[in-house]
$ cat entry-v3.txt   # compact mmCIF, C-alpha atoms
# COMPACT_ATOMS: atom_id res chain seq x y z
CA MET G 28 50.63 18.42 -9.48
CA ASP G 29 51.48 14.99 -8.06
CA SER G 30 49.60 11.86 -9.14
CA ARG G 31 47.50 11.81 -5.94
CA GLN G 32 46.28 15.38 -6.53
CA LYS G 33 45.59 14.61 -10.19
CA GLY G 34 43.55 11.54 -9.18
CA GLU G 35 41.54 13.59 -6.69
CA THR G 36 40.90 16.26 -9.34
CA ASP G 37 39.81 13.61 -11.85
CA GLU G 38 37.46 12.15 -9.22
CA LEU G 39 35.91 15.58 -8.63
CA HIS G 40 35.28 15.98 -12.34
CA ARG G 41 33.59 12.61 -12.47
CA LEU G 42 31.36 13.63 -9.60
CA GLN G 43 30.12 16.74 -11.37
CA VAL G 44 27.57 16.91 -14.15
CA GLU G 45 25.84 19.71 -15.89
CA SER G 46 22.35 20.33 -14.56
CA PRO G 47 19.41 21.19 -16.83
CA SER G 48 20.04 24.83 -15.93
CA GLY G 49 23.62 24.57 -17.21
CA ARG G 50 25.28 24.74 -13.77
CA LYS G 51 27.77 22.12 -12.62
CA GLU G 52 26.33 20.00 -9.84
CA LYS G 53 27.89 17.39 -7.59
CA VAL G 54 26.54 13.91 -8.24
CA THR G 55 25.61 12.30 -4.94
CA SER G 56 25.60 8.54 -4.47
CA ARG G 57 21.78 8.73 -4.37
CA SER G 58 21.64 10.66 -7.62
CA ALA G 59 24.07 8.27 -9.35
CA PHE G 60 22.12 5.24 -8.10
CA LEU G 61 18.79 6.66 -9.26
CA GLN G 62 20.19 7.63 -12.65
CA GLN G 63 21.47 4.08 -13.11
CA MET G 64 18.10 2.59 -12.10
CA ASP G 65 16.31 5.03 -14.41
CA GLU G 66 18.43 3.80 -17.30
CA VAL G 67 18.39 0.04 -16.70
CA VAL G 68 14.91 -0.71 -15.32
CA PRO G 69 12.26 -1.04 -18.06
CA TRP G 70 9.75 1.28 -16.37
CA ASP G 71 7.47 1.69 -19.40
CA MET G 72 7.29 -2.09 -19.86
CA LEU G 73 6.42 -2.61 -16.19
CA ALA G 74 3.62 -0.05 -16.41
CA ARG G 75 2.15 -1.90 -19.43
CA MET G 76 2.35 -5.42 -18.03
CA ASP G 77 -0.68 -7.66 -17.95
CA VAL G 78 -2.47 -7.85 -14.60
CA GLY G 79 -5.27 -10.37 -14.59
CA GLY G 80 -6.18 -9.76 -18.23
CA GLN G 81 -5.87 -5.98 -18.07
CA VAL G 82 -2.95 -3.67 -18.60
CA PHE G 83 -1.47 -2.43 -15.31
CA GLN G 84 -1.81 1.23 -16.35
CA GLU G 85 -5.56 0.86 -16.95
CA GLU G 86 -6.24 -1.38 -13.97
CA ALA G 87 -4.41 0.78 -11.44
CA GLY G 88 -6.37 3.88 -12.42
CA PHE G 89 -3.44 6.25 -12.05
CA ASN G 90 0.10 6.81 -13.33
CA ALA G 91 1.34 3.25 -12.91
CA GLU G 92 4.94 4.03 -13.85
CA GLN G 93 5.21 6.69 -11.18
CA GLY G 94 3.53 4.38 -8.65
CA LEU G 95 6.03 1.64 -9.46
CA ARG G 96 8.96 4.03 -9.18
CA ILE G 97 7.69 5.09 -5.75
CA PHE G 98 7.22 1.43 -4.74
CA PHE G 99 10.84 0.66 -5.66
CA LEU G 100 12.15 3.85 -4.02
CA GLN G 101 10.49 2.80 -0.77
CA TYR G 102 12.04 -0.66 -1.06
CA TRP G 103 15.53 0.51 -2.06
CA PHE G 104 15.72 3.27 0.55
CA GLY G 105 13.65 1.61 3.30
CA LEU G 106 11.20 4.52 3.40
CA SER G 107 7.85 4.56 5.19
CA ASP G 108 4.94 6.22 3.39
CA GLU G 109 5.43 9.39 5.43
CA SER G 110 9.18 9.44 4.74
CA MET G 111 8.54 8.86 1.04
CA ILE G 112 6.26 11.90 0.84
CA GLU G 113 8.87 13.96 2.67
CA SER G 114 11.62 12.74 0.32
CA MET G 115 9.47 13.60 -2.70
CA GLN G 116 9.28 17.15 -1.37
CA ASP G 117 12.91 17.52 -0.25
CA SER G 118 15.13 15.45 -2.52
CA ILE G 119 16.03 16.85 -5.94
CA SER G 120 17.33 13.47 -7.14
CA ILE G 121 14.12 11.68 -6.11
CA ARG G 122 12.01 14.38 -7.77
CA ARG G 123 14.03 13.96 -10.98
CA PHE G 124 13.69 10.17 -10.81
CA LEU G 125 9.91 10.56 -10.51
CA GLY G 126 9.77 13.11 -13.33
CA LEU G 127 8.65 15.91 -11.03
CA HIS G 128 9.77 19.41 -11.85
CA ASN G 129 10.73 21.98 -9.25
CA GLY G 130 7.68 23.83 -8.09
CA CYS G 131 5.32 20.93 -8.83
CA ALA G 132 3.34 19.71 -5.86
CA THR G 133 3.93 16.17 -4.64
CA PRO G 134 1.57 14.10 -6.80
CA THR G 135 0.35 11.76 -4.10
CA SER G 136 -0.47 11.36 -0.43
CA VAL G 137 0.28 8.85 2.32
CA ALA G 138 -3.19 7.36 1.78
CA ALA G 139 -2.56 6.97 -1.96
CA LEU G 140 0.78 5.20 -1.32
CA LYS G 141 -0.95 2.77 1.05
CA GLU G 142 -3.74 2.22 -1.47
CA PHE G 143 -1.24 1.46 -4.26
CA ARG G 144 0.70 -0.99 -2.07
CA LEU G 145 -2.58 -2.69 -1.07
CA TRP G 146 -3.54 -2.85 -4.75
CA LEU G 147 -0.23 -4.62 -5.47
CA GLU G 148 -0.61 -6.98 -2.51
CA GLN G 149 -4.17 -7.96 -3.47
CA ARG G 150 -2.79 -9.13 -6.81
CA ASP G 151 0.27 -10.78 -5.25
CA MET G 152 2.49 -8.46 -7.28
CA GLY G 153 4.86 -6.75 -4.84
CA GLU G 154 7.27 -9.65 -4.34
CA ARG G 155 6.95 -10.70 -7.98
CA LEU G 156 7.95 -7.19 -9.10
CA LEU G 157 10.91 -7.09 -6.72
CA ASP G 158 12.06 -10.54 -7.90
CA ALA G 159 11.60 -9.68 -11.58
CA ILE G 160 13.64 -6.49 -11.32
CA ALA G 161 16.33 -8.25 -9.26
CA ARG G 162 16.62 -10.86 -12.06
CA HIS G 163 16.61 -8.13 -14.72
CA LEU G 164 19.42 -6.26 -12.97
CA HIS G 165 21.37 -9.46 -12.28
CA ALA G 166 21.26 -10.32 -16.00
CA ARG G 167 22.99 -6.98 -16.61
CA GLY G 168 25.61 -7.66 -13.95
CA ILE G 169 24.07 -5.35 -11.34
CA ALA G 170 23.31 -6.34 -7.77
CA VAL G 171 21.32 -3.87 -5.69
CA THR G 172 21.61 -3.90 -1.94
CA PRO G 173 18.66 -2.01 -0.44
CA GLY G 174 19.50 0.39 2.36
CA MET G 175 17.69 1.06 5.58
CA THR G 176 20.03 3.43 7.38
CA ARG G 177 22.29 4.17 4.42
CA GLU G 178 21.89 4.79 0.73
CA PRO G 179 21.29 1.70 -1.44
CA HIS G 180 24.00 0.93 -3.92
CA ALA G 181 24.31 -0.93 -7.16
CA GLU G 182 27.38 -3.02 -7.68
CA ILE G 183 28.50 -4.04 -11.14
CA GLN G 184 29.47 -7.68 -11.08
CA LEU G 185 32.10 -8.47 -13.67
CA PRO G 186 32.53 -12.09 -14.76
CA LEU G 187 35.79 -13.68 -13.67
CA HIS G 188 37.99 -14.92 -16.48
CA CYS G 189 40.39 -17.76 -15.71
$ encode --input "entry-v3.txt" --output "structure tokens"
Amino acid sequence: MDSRQKGETDELHRLQVESPSGRKEKVTSRSAFLQQMDEVVPWDMLARMDVGGQVFQEEAGFNAEQGLRIFFLQYWFGLSDESMIESMQDSISIRRFLGLHNGCATPTSVAALKEFRLWLEQRDMGERLLDAIARHLHARGIAVTPGMTREPHAEIQLPLHC
């Protein structure tokens, strides 16, 4: 096997992971991106943050962490409410990111997504959340470029040493 073939084989192995069912699955760029965001974004902390004297989770009246994950998915992937609902039904990686198991119904509706976004806007939180997470990721050397017609990607920024 020449070095080019070995490199391609190594790349294939890196792109495969074991699924919960024990099967090897290809890791798509979307899946890799969402796994990285799942690991580095402090979702539980965001869901517990103070919103006008009350904890976000209590004030929102629903699963705030899942609502925030959906909010960021829509931003990162440039998804409309309708497209988000469709992606929640069709995309295994998005369902995993949201903690949905196969066979579970989509936990929300287009109206609920609009209501959540309005709830965020009324409290001037949408932009603040996006900025806070951008700073959080930047502090870890990660820059996220949202996508509209392509998948978003996270780029690790390594410091230059002179």
$ closest_residue --input "entry-v3.txt" --among "G:Ile112, G:Leu61, G:Met72, G:Val67" --to "Arg167 in chain G" --atoms "only C-alpha atoms"
G:Val67
$ atom_distance --input "entry-v3.txt" --atom1 "CA of Arg96 in chain G" --atom2 "CA of Leu73 in chain G"
10.0 Å
$ residues_near_point --input "entry-v3.txt" --point "(-0.7, 9.1, -0.1)" --cutoff "12 Å" --atoms "only C-alpha atoms" --output "mmCIF file with C-alpha atoms, keeping the file's coordinate frame"
data_model
loop_
_atom_site.group_PDB
_atom_site.id
_atom_site.type_symbol
_atom_site.label_atom_id
_atom_site.label_comp_id
_atom_site.auth_asym_id
_atom_site.auth_seq_id
_atom_site.Cartn_x
_atom_site.Cartn_y
_atom_site.Cartn_z
ATOM 1 C CA GLY G 94 3.530 4.380 -8.650
ATOM 2 C CA ILE G 97 7.690 5.090 -5.750
ATOM 3 C CA PHE G 98 7.220 1.430 -4.740
ATOM 4 C CA SER G 107 7.850 4.560 5.190
ATOM 5 C CA ASP G 108 4.940 6.220 3.390
ATOM 6 C CA GLU G 109 5.430 9.390 5.430
ATOM 7 C CA SER G 110 9.180 9.440 4.740
ATOM 8 C CA MET G 111 8.540 8.860 1.040
ATOM 9 C CA ILE G 112 6.260 11.900 0.840
ATOM 10 C CA GLU G 113 8.870 13.960 2.670
ATOM 11 C CA MET G 115 9.470 13.600 -2.700
ATOM 12 C CA THR G 133 3.930 16.170 -4.640
ATOM 13 C CA PRO G 134 1.570 14.100 -6.800
ATOM 14 C CA THR G 135 0.350 11.760 -4.100
ATOM 15 C CA SER G 136 -0.470 11.360 -0.430
ATOM 16 C CA VAL G 137 0.280 8.850 2.320
ATOM 17 C CA ALA G 138 -3.190 7.360 1.780
ATOM 18 C CA ALA G 139 -2.560 6.970 -1.960
ATOM 19 C CA LEU G 140 0.780 5.200 -1.320
ATOM 20 C CA LYS G 141 -0.950 2.770 1.050
ATOM 21 C CA GLU G 142 -3.740 2.220 -1.470
ATOM 22 C CA PHE G 143 -1.240 1.460 -4.260
ATOM 23 C CA ARG G 144 0.700 -0.990 -2.070
ATOM 24 C CA LEU G 145 -2.580 -2.690 -1.070
#
$ closest_residue --input "entry-v3.txt" --among "G:Ile119, G:Ile169, G:Ala59, G:Leu125" --to "Asn90 in chain G" --atoms "only C-alpha atoms"
G:Leu125
$ closest_residue --input "entry-v3.txt" --among "G:Met76, G:Leu127, G:Ala166, G:Val171" --to "Met152 in chain G" --atoms "all atoms listed in the file"
G:Met76
$ residues_around --input "entry-v3.txt" --residues "range 157-164 of chain G" --least-positions-apart "5" --cutoff "12 Å" --atoms "only C-alpha atoms" --output "PyMOL selection string"
chain G and resi 63-70+72-73+95-96+98-103+147+151-152+169-173+181-184
$ atom_distance --input "entry-v3.txt" --atom1 "CA of Arg57 in chain G" --atom2 "CA of Ile121 in chain G"
8.4 Å
$ atom_distance --input "entry-v3.txt" --atom1 "CA of Phe124 in chain G" --atom2 "CA of Gly105 in chain G"
16.5 Å
